[in-house]
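One file, start-v3.cif, is given below (mmCIF, C-alpha atoms).
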```cif
data_protein
loop_
_atom_site.label_atom_id
_atom_site.label_comp_id
_atom_site.auth_asym_id
_atom_site.auth_seq_id
_atom_site.Cartn_x
_atom_site.Cartn_y
_atom_site.Cartn_z
CA MET A 1 112.29 56.10 78.88
CA SER A 2 113.59 57.91 81.94
CA ARG A 3 116.42 60.40 81.76
CA LYS A 4 118.81 61.65 84.38
CA ILE A 5 119.49 65.38 84.28
CA LEU A 6 122.75 66.63 85.75
CA LEU A 7 122.66 70.14 87.19
CA VAL A 8 125.95 71.98 87.50
CA VAL A 9 125.59 74.68 90.13
CA ALA A 10 128.07 77.41 90.95
CA LYS A 11 129.64 77.04 94.38
CA GLU A 12 127.90 80.10 95.80
CA HIS A 13 124.49 78.63 94.82
CA ARG A 14 125.08 75.12 96.12
CA THR A 15 122.86 74.07 99.00
CA ASP A 16 123.90 70.41 99.44
CA LEU A 17 124.45 70.94 103.15
CA SER A 18 122.84 69.51 106.24
CA ASP A 19 120.66 71.82 108.34
CA ASP A 20 123.40 72.13 110.96
CA GLN A 21 126.01 72.99 108.32
CA ALA A 22 123.70 75.60 106.78
CA ILE A 23 123.04 77.17 110.18
CA ARG A 24 126.77 77.39 110.93
CA GLU A 25 127.42 78.98 107.54
CA ILE A 26 124.59 81.50 108.00
CA ARG A 27 125.96 82.45 111.41
CA ARG A 28 129.43 82.87 109.91
CA LEU A 29 128.11 85.18 107.20
CA LYS A 30 126.09 87.15 109.74
CA LYS A 31 129.22 87.71 111.80
CA GLN A 32 131.18 88.68 108.68
CA LEU A 33 128.58 91.26 107.60
CA GLY A 34 128.10 92.58 111.13
CA LYS A 35 125.87 95.65 111.51
CA ARG A 36 125.53 95.95 107.74
CA LEU A 37 123.03 93.06 107.84
CA VAL A 38 119.65 92.71 109.55
CA ILE A 39 117.57 89.53 109.24
CA LEU A 40 113.86 89.85 109.98
CA GLY A 41 111.74 86.80 110.83
CA HIS A 42 107.96 86.93 110.76
CA HIS A 43 106.09 85.10 113.53
CA TYR A 44 104.83 82.51 111.00
CA GLN A 45 108.30 81.42 109.94
CA ARG A 46 109.65 77.99 110.89
CA ARG A 47 111.54 77.91 114.19
CA GLU A 48 115.08 77.69 112.77
CA ILE A 49 114.51 80.84 110.68
CA VAL A 50 113.14 82.78 113.64
CA GLU A 51 116.11 81.71 115.76
CA LEU A 52 118.51 83.06 113.12
CA SER A 53 116.65 86.37 112.84
CA ASP A 54 117.81 89.55 114.53
CA PHE A 55 114.20 90.60 115.09
CA ARG A 56 110.91 88.73 115.11
CA GLY A 57 107.45 90.25 114.88
CA ASP A 58 104.54 90.94 112.57
CA SER A 59 105.02 92.41 109.11
CA LEU A 60 104.72 96.16 109.74
CA GLU A 61 106.51 96.02 113.06
CA LEU A 62 109.48 94.41 111.32
CA ALA A 63 109.44 96.86 108.42
CA ARG A 64 109.59 99.77 110.87
CA ILE A 65 112.38 98.14 112.89
CA ALA A 66 114.44 97.63 109.74
CA SER A 67 114.15 101.27 108.67
CA LEU A 68 115.54 102.33 112.07
CA GLN A 69 118.73 100.27 111.70
CA LYS A 70 120.89 103.11 110.41
CA ASP A 71 124.02 100.99 110.04
CA ALA A 72 122.24 98.24 108.09
CA LYS A 73 122.74 98.21 104.34
CA TYR A 74 121.09 94.83 103.76
CA ILE A 75 117.66 93.89 105.14
CA VAL A 76 116.72 90.25 104.61
CA PHE A 77 112.98 89.79 105.16
CA CYS A 78 111.93 86.23 105.94
CA GLY A 79 108.21 86.37 105.24
CA VAL A 80 105.94 86.69 102.21
CA ARG A 81 106.21 89.17 99.37
CA PHE A 82 103.99 92.03 100.58
CA MET A 83 106.02 92.15 103.80
CA ALA A 84 109.30 92.55 101.95
CA GLU A 85 107.65 95.23 99.79
CA SER A 86 106.54 97.15 102.90
CA ALA A 87 110.12 97.03 104.19
CA ALA A 88 111.37 98.35 100.84
CA ILE A 89 108.80 101.18 100.92
CA LEU A 90 109.86 102.29 104.40
CA ALA A 91 113.59 101.58 103.98
CA GLN A 92 116.17 104.35 104.01
CA PRO A 93 117.70 105.29 100.63
CA HIS A 94 120.94 103.39 101.30
CA GLN A 95 119.20 100.16 102.32
CA ILE A 96 118.65 97.12 100.10
CA VAL A 97 115.78 94.76 100.92
CA ILE A 98 116.18 91.08 100.05
CA HIS A 99 113.47 88.40 99.95
CA PRO A 100 115.00 84.88 100.08
CA ASP A 101 112.28 83.34 97.87
CA ILE A 102 110.62 85.75 95.46
CA THR A 103 107.86 83.20 94.75
CA ALA A 104 106.68 83.33 98.38
CA GLY A 105 103.59 85.43 97.75
CA CYS A 106 100.32 85.95 99.62
CA PRO A 107 97.15 84.62 97.93
CA MET A 108 94.97 87.10 99.82
CA ALA A 109 97.09 90.07 98.71
CA ASP A 110 96.77 88.84 95.13
CA MET A 111 92.95 88.76 95.40
CA ALA A 112 92.86 92.52 94.81
CA SER A 113 94.72 93.53 91.66
CA LEU A 114 95.21 97.16 90.71
CA SER A 115 93.13 96.82 87.52
CA GLU A 116 90.23 95.32 89.48
CA VAL A 117 90.34 98.01 92.14
CA GLU A 118 90.50 100.78 89.54
CA GLU A 119 87.42 99.33 87.82
CA VAL A 120 85.55 99.11 91.12
CA TRP A 121 86.50 102.70 91.86
CA ARG A 122 85.02 103.73 88.49
CA GLN A 123 81.77 101.88 89.26
CA LEU A 124 81.56 103.46 92.69
CA HIS A 125 82.08 106.89 91.17
CA GLU A 126 79.12 106.31 88.86
CA ALA A 127 76.89 104.89 91.61
CA LEU A 128 77.54 107.52 94.29
CA ASP A 129 76.47 111.14 94.18
CA ASP A 130 77.20 112.05 97.80
CA GLY A 131 80.94 111.43 98.04
CA MET A 132 83.41 108.62 97.45
CA PRO A 133 84.52 106.18 100.15
CA ILE A 134 87.92 106.38 101.82
CA PRO A 135 89.95 103.38 100.62
CA VAL A 136 91.49 101.43 103.51
CA THR A 137 93.85 98.58 102.75
CA TYR A 138 95.09 95.98 105.15
CA VAL A 139 98.91 95.91 105.11
CA ASN A 140 98.48 92.37 103.71
CA SER A 141 98.22 93.85 100.23
CA THR A 142 100.51 94.59 97.31
CA ALA A 143 102.54 97.77 97.01
CA LYS A 144 100.32 98.81 94.08
CA ILE A 145 97.17 98.62 96.19
CA LYS A 146 98.83 100.58 98.98
CA ALA A 147 99.81 103.15 96.35
CA PHE A 148 96.21 103.30 95.07
CA CYS A 149 95.02 104.10 98.58
CA GLY A 150 97.73 106.68 99.09
CA LYS A 151 96.79 108.37 95.83
CA HIS A 152 93.06 108.50 96.71
CA ASN A 153 93.29 109.97 100.22
CA GLY A 154 93.32 106.50 101.74
CA ILE A 155 95.35 104.68 104.32
CA THR A 156 96.68 101.29 105.43
CA CYS A 157 95.81 99.39 108.60
CA THR A 158 96.94 96.37 110.58
CA SER A 159 94.80 93.80 112.35
CA SER A 160 95.58 95.54 115.65
CA ASN A 161 94.66 99.10 114.61
CA ALA A 162 91.89 98.44 112.04
CA LYS A 163 89.20 99.79 114.39
CA LYS A 164 91.10 103.06 114.91
CA ILE A 165 91.90 103.43 111.21
CA ILE A 166 88.34 102.82 110.02
CA SER A 167 87.12 105.37 112.57
CA TRP A 168 89.64 107.80 111.05
CA ALA A 169 88.22 107.06 107.58
CA LEU A 170 84.63 107.62 108.73
CA GLU A 171 85.58 111.05 110.06
CA ARG A 172 86.45 111.95 106.46
CA SER A 173 83.66 110.24 104.55
CA THR A 174 80.32 108.55 105.18
CA ARG A 175 81.71 105.22 103.94
CA PHE A 176 84.90 103.24 103.39
CA LEU A 177 86.15 100.59 100.95
CA PHE A 178 88.08 97.88 102.80
CA LEU A 179 90.72 95.85 100.92
CA PRO A 180 91.45 92.96 100.52
CA ASP A 181 90.19 90.89 103.50
CA GLU A 182 86.45 90.60 103.93
CA HIS A 183 86.70 88.98 107.36
CA LEU A 184 88.93 91.53 109.10
CA GLY A 185 86.66 94.20 107.61
CA ARG A 186 83.50 92.48 108.82
CA ASN A 187 84.80 91.73 112.31
CA THR A 188 86.01 95.31 112.72
CA SER A 189 82.76 96.77 111.37
CA ARG A 190 80.85 94.75 113.96
CA GLU A 191 83.09 96.11 116.74
CA LEU A 192 82.32 99.62 115.49
CA ASP A 193 78.57 98.87 115.61
CA ILE A 194 78.12 99.40 111.89
CA PRO A 195 74.71 97.84 111.09
CA LYS A 196 74.79 94.65 109.01
CA GLU A 197 72.28 96.15 106.58
CA ARG A 198 74.79 98.93 105.90
CA THR A 199 77.67 96.50 105.29
CA ILE A 200 78.01 95.10 101.79
CA LEU A 201 80.35 92.59 100.16
CA TRP A 202 81.91 93.59 96.84
CA ASN A 203 82.65 90.73 94.45
CA PRO A 204 84.84 92.22 91.69
CA ALA A 205 83.71 89.51 89.27
CA LEU A 206 80.12 90.84 89.33
CA PRO A 207 78.63 94.11 88.09
CA LEU A 208 78.43 96.57 91.01
CA GLY A 209 80.05 93.84 93.08
CA GLY A 210 76.76 91.92 93.15
CA ASN A 211 74.92 94.82 94.79
CA THR A 212 72.12 97.16 93.74
CA PRO A 213 72.73 100.90 93.38
CA GLN A 214 70.48 101.43 96.42
CA GLN A 215 72.59 99.05 98.57
CA ILE A 216 75.77 100.84 97.52
CA ARG A 217 74.39 104.28 98.35
CA LYS A 218 73.17 103.02 101.73
CA ALA A 219 76.45 101.27 102.60
CA ILE A 220 78.89 102.47 105.22
CA ALA A 221 81.24 99.46 104.93
CA ILE A 222 82.13 98.16 101.47
CA LEU A 223 84.14 94.97 101.95
CA TRP A 224 86.26 93.43 99.21
CA LYS A 225 85.66 89.71 98.65
CA GLY A 226 89.06 88.39 99.72
CA TYR A 227 90.29 86.07 102.44
CA CYS A 228 93.27 84.36 104.08
CA HIS A 229 93.09 80.63 103.39
CA VAL A 230 94.99 79.91 106.61
CA HIS A 231 92.36 81.56 108.79
CA THR A 232 89.20 80.70 106.85
CA PHE A 233 90.17 77.05 107.36
CA PHE A 234 88.95 77.32 110.97
CA THR A 235 85.28 76.57 111.67
CA VAL A 236 82.83 76.77 114.55
CA GLU A 237 82.94 72.98 114.62
CA HIS A 238 86.67 73.19 115.39
CA VAL A 239 85.84 75.49 118.32
CA LYS A 240 83.17 73.10 119.64
CA LYS A 241 85.53 70.11 119.40
CA ALA A 242 88.31 72.02 121.20
CA ARG A 243 86.02 72.95 124.08
CA LYS A 244 84.93 69.34 124.39
CA ARG A 245 88.49 67.98 124.23
CA TYR A 246 90.23 70.57 126.44
CA LYS A 247 88.16 71.35 129.52
CA ASN A 248 88.44 74.91 130.85
CA CYS A 249 90.50 76.00 127.85
CA SER A 250 90.67 79.52 126.44
CA ILE A 251 90.36 79.90 122.67
CA VAL A 252 92.02 82.82 120.91
CA VAL A 253 91.85 83.39 117.14
CA HIS A 254 92.96 85.89 114.54
CA PRO A 255 90.37 88.40 113.21
CA GLU A 256 91.03 87.14 109.67
CA CYS A 257 88.86 84.19 110.74
CA PRO A 258 85.18 84.17 109.67
CA GLU A 259 82.86 86.08 111.97
CA PRO A 260 81.12 82.97 113.45
CA VAL A 261 84.52 81.58 114.53
CA VAL A 262 85.50 84.88 116.14
CA LEU A 263 82.17 85.09 118.00
CA ALA A 264 82.50 81.49 119.23
CA SER A 265 86.01 82.13 120.64
CA ASP A 266 87.06 83.75 123.91
CA ALA A 267 89.33 86.37 122.37
CA ASN A 268 90.59 87.54 119.00
CA GLY A 269 93.40 89.80 117.92
CA SER A 270 96.49 90.36 115.84
CA THR A 271 99.48 88.05 115.75
CA ARG A 272 101.16 90.15 118.44
CA PHE A 273 97.96 90.00 120.52
CA ILE A 274 97.96 86.20 120.28
CA VAL A 275 101.63 85.99 121.29
CA GLU A 276 101.03 88.23 124.31
CA TYR A 277 97.81 86.37 125.18
CA VAL A 278 99.80 83.15 125.54
CA GLU A 279 102.70 84.88 127.31
CA ASN A 280 100.36 86.43 129.89
CA ALA A 281 98.32 83.27 130.54
CA PRO A 282 98.91 81.68 133.97
CA GLU A 283 101.21 78.68 134.24
CA GLY A 284 99.30 75.44 133.79
CA SER A 285 96.55 77.05 131.72
CA THR A 286 95.30 75.59 128.43
CA ILE A 287 95.17 77.87 125.40
CA VAL A 288 93.84 76.79 122.00
CA VAL A 289 95.07 79.05 119.19
CA GLY A 290 93.45 79.61 115.82
CA THR A 291 96.25 80.88 113.59
CA GLU A 292 99.16 79.64 111.46
CA LEU A 293 100.62 76.34 112.68
CA ASN A 294 104.29 77.41 112.86
CA LEU A 295 103.46 80.13 115.36
CA VAL A 296 101.28 77.83 117.48
CA SER A 297 104.01 75.16 117.55
CA ARG A 298 106.65 77.70 118.58
CA LEU A 299 104.41 79.15 121.31
CA ALA A 300 103.96 75.63 122.70
CA TYR A 301 107.76 75.08 122.56
CA GLU A 302 108.54 78.42 124.26
CA HIS A 303 105.96 77.96 127.04
CA PRO A 304 106.42 74.40 128.32
CA GLY A 305 104.58 75.26 131.54
CA LYS A 306 101.40 75.96 129.61
CA HIS A 307 99.29 73.73 127.39
CA VAL A 308 99.19 75.37 123.96
CA TYR A 309 97.31 73.59 121.16
CA GLU A 310 96.30 74.42 117.61
CA LEU A 311 92.58 74.87 116.91
CA ALA A 312 93.28 72.93 113.71
CA ARG A 313 96.42 72.32 111.66
CA SER A 314 96.49 75.21 109.21
CA LEU A 315 99.83 75.93 107.54
CA CYS A 316 100.83 78.79 105.22
CA PRO A 317 102.77 77.09 102.40
CA ASN A 318 104.12 80.42 101.17
CA MET A 319 105.63 81.28 104.54
CA TYR A 320 107.11 77.80 104.53
CA LYS A 321 108.96 78.52 101.28
CA ILE A 322 111.58 80.47 103.20
CA ASN A 323 114.14 77.95 104.41
CA LEU A 324 117.74 77.66 105.54
CA PHE A 325 119.02 77.10 102.04
CA ASN A 326 117.45 80.02 100.17
CA LEU A 327 118.40 82.22 103.13
CA LEU A 328 121.98 80.97 102.86
CA VAL A 329 122.10 81.53 99.10
CA SER A 330 120.76 85.08 99.58
CA LEU A 331 123.50 85.81 102.13
CA ARG A 332 126.23 84.32 99.94
CA ASN A 333 125.09 86.63 97.12
CA ILE A 334 124.07 89.55 99.29
CA GLY A 335 122.68 92.46 97.29
CA LYS A 336 123.02 90.59 93.98
CA ILE A 337 119.94 88.32 93.95
CA ASN A 338 116.37 88.40 95.29
CA VAL A 339 116.47 92.19 95.69
CA VAL A 340 113.04 93.81 96.15
CA THR A 341 112.53 96.70 93.72
CA ILE A 342 109.48 98.97 93.56
CA ALA A 343 108.78 101.66 90.97
CA GLU A 344 109.38 105.13 92.40
CA GLN A 345 105.81 106.40 91.83
CA THR A 346 104.36 103.30 93.43
CA LYS A 347 106.73 103.66 96.37
CA LYS A 348 105.87 107.35 96.76
CA HIS A 349 102.10 106.83 97.00
CA ALA A 350 102.35 103.59 99.00
CA LYS A 351 104.56 105.34 101.55
CA LEU A 352 101.94 108.06 101.83
CA ALA A 353 99.27 105.51 102.77
CA LEU A 354 101.60 103.86 105.30
CA SER A 355 102.74 107.20 106.71
CA ARG A 356 99.17 108.33 107.37
CA MET A 357 98.72 105.28 109.53
CA LEU A 358 102.10 105.55 111.26
CA GLU A 359 101.48 109.19 112.14
CA MET A 360 98.47 108.07 114.17
#
```

Let's see the structure in the file written out as structure tokens.
Amino acid sequence: MSRKILLVVAKEHRTDLSDDQAIREIRRLKKQLGKRLVILGHHYQRREIVELSDFRGDSLELARIASLQKDAKYIVFCGVRFMAESAAILAQPHQIVIHPDITAGCPMADMASLSEVEEVWRQLHEALDDGMPIPVTYVNSTAKIKAFCGKHNGITCTSSNAKKIISWALERSTRFLFLPDEHLGRNTSRELDIPKERTILWNPALPLGGNTPQQIRKAIAILWKGYCHVHTFFTVEHVKKARKRYKNCSIVVHPECPEPVVLASDANGSTRFIVEYVENAPEGSTIVVGTELNLVSRLAYEHPGKHVYELARSLCPNMYKINLFNLLVSLRNIGKINVVTIAEQTKKHAKLALSRMLEM
């Protein structure tokens, strides 16, 4: 027997509006709040969210921009959870960071939990007698992992500065532990000419990460077994098919892609690098892009004089959770719901790891 359930929703939480009505209401609230509000839109957000944002960019770039808006009390971060956390870590004391959908997480960030990393650290301490590695975490990680790195003389990195940051780490130790993305770590290690036989993968589900004590002692690069499902979706076969379909095309991918895909492409780099790669391409050129579908679609829309295609259709469902309606509800209840809170000790140590990077 089927049942109908009637939901009674308070007026400020109602979202039974058309897209156009929601956009008009969001614009009205933005005007009402004025300089007290800043909306940040990550490059992977759907087009209508980006168009409503005051700033667009990658995660750390946006977090830094927000902290510089001295008049802004409310920072609404349209992205996934770790991005909103980074904004909250760097925010000024009077600022409140809001995440429109608190369930919009990042699977890769969740692949390295604090308890797992602490256990790995213990095992490394037992296995090594010539010094511990410097922990380096990709900004695509939780606040707790950033705090772990800050507490243990470590640092954060982005996909654009990973090479510089790992070089910094190797000036302070003979090895580094890279969290949580294996592929960015592997691609960067190759660019730094770290030998493959001195690069190991650490699987936290296995004793010693699946390595022998000898392999650990020999290692320069210790890479956590984690990945971005958006970028590991791309394959060398996708690259081959694109070259066959689009003659004289250029293929650019993100360094979170597996190493064979990166090597088969013409260029690789951060989200900002990809945006600028398309912007700087000559009119009439064909560019095939291996990254999140929303960004590729928007690049094609914004550059009608160029032929921009996706390497394959790979969508981040968590980024897609942010929509007009949860953004509208967050603005209607500004500062009362979806507020990002981080424990003070976690914030303190996480900010230390971020600050070490930003000072460079």

### Task
Give me, please, the distance in Å between atom CA of A:Phe178 and atom CA of A:Ile222, quoted to one decimal.
6.1 Å

Apply the PyMOL selection byres ((chain A and resi 140) around 7) to the displayed file and report the matching residues as a PDB file with C-alpha atoms, in the coordinates of the input.
```pdb
ATOM      1  CA  PHE A  82     103.990  92.030 100.580  1.00  0.00           C
ATOM      2  CA  ALA A 109      97.090  90.070  98.710  1.00  0.00           C
ATOM      3  CA  TYR A 138      95.090  95.980 105.150  1.00  0.00           C
ATOM      4  CA  VAL A 139      98.910  95.910 105.110  1.00  0.00           C
ATOM      5  CA  SER A 141      98.220  93.850 100.230  1.00  0.00           C
TER       6      SER A 141
END
```

### Between atom CA of A:Lys144 and atom CA of A:Thr346 - distance in Å to one decimal
6.1 Å

### Task
Up to 12 Å from (104.1, 72.1, 117.4) in the file's coordinates: name the residues, counting only C-alpha atoms, as an NGL selection string.
:A and (46-47 or 289 or 292-304 or 307-315)

### Task
Provide the atom CA of A:Arg81 to atom CA of A:Val340 distance in Å, to one decimal place.
8.9 Å

### Message
With distances taken over all atoms listed in the file, which residue among A:Arg122, A:Val288, A:Asp130, A:Lys306 lies nearest A:Lys244?
### Response
A:Val288

### Query
Once the PyMOL selection byres ((chain A and resi 87-102) around 7) has been applied to the shown file, what residues remain in the selection, as an MDAnalysis selection string?
chainID A and resid 63:64 67 72:78 81 83:86 103:104 321:322 326:327 330 335 338:340 347 351

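Residue nearest A:Ala353, chosen from A:Ile145, A:Val252, A:Cys316, A:Ile337 and counting all atoms listed in the file: A:Ile145.
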
Which residues, written as a compact mmCIF listing (two decimals) with C-alpha atoms, in the coordinates of the input, have at least one atom at most 7 Å from A:Gln45, with all atoms listed in the file counted and residues fewer than 5 positions away on the same chain left out?
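Output file result39.txt follows:
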```txt
# COMPACT_ATOMS: atom_id res chain seq x y z
CA VAL A 50 113.14 82.78 113.64
CA GLY A 79 108.21 86.37 105.24
CA ASN A 294 104.29 77.41 112.86
CA MET A 319 105.63 81.28 104.54
CA TYR A 320 107.11 77.80 104.53
```

### Message
Please enumerate the residues selected by the PyMOL selection byres ((chain A and resi 33) around 12) when evaluated against the supplied file, formatted as a ChimeraX atom specification.
### Response
/A:26-32,34-39,71-75,331-335

### Message
Could you check the closest approach to A:Phe233 for each of A:Arg245, A:Gly290, A:His42, A:Glu119 and tell me which residue wins, using all atoms listed in the file?
### Response
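Ranking A:Arg245, A:Gly290, A:His42, A:Glu119 by distance to A:Phe233, first place goes to A:Gly290.
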
### Selected residue of minimal separation from A:Asn161 among A:Ser115, A:Ser189, A:Ser270, A:Gln214, counting all atoms listed in the file
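Of all the options, A:Ser270 lies closest to A:Asn161.
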
### Message
Let me make sure I understand: among A:Gln21, A:Thr235, A:Thr291, A:Ser285, which one has the smallest atom-to-atom distance to A:His254 if we use all atoms listed in the file?
### Response
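Nearest candidate to A:His254 out of A:Gln21, A:Thr235, A:Thr291, A:Ser285: A:Thr291.
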
### Task
Compare A:Ile134, A:Leu52, A:Val262, A:Leu179 by their minimum atom-to-atom distance to A:Leu114, counting all atoms listed in the file, and give me the closest one.
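Of all the options, A:Leu179 lies closest to A:Leu114.
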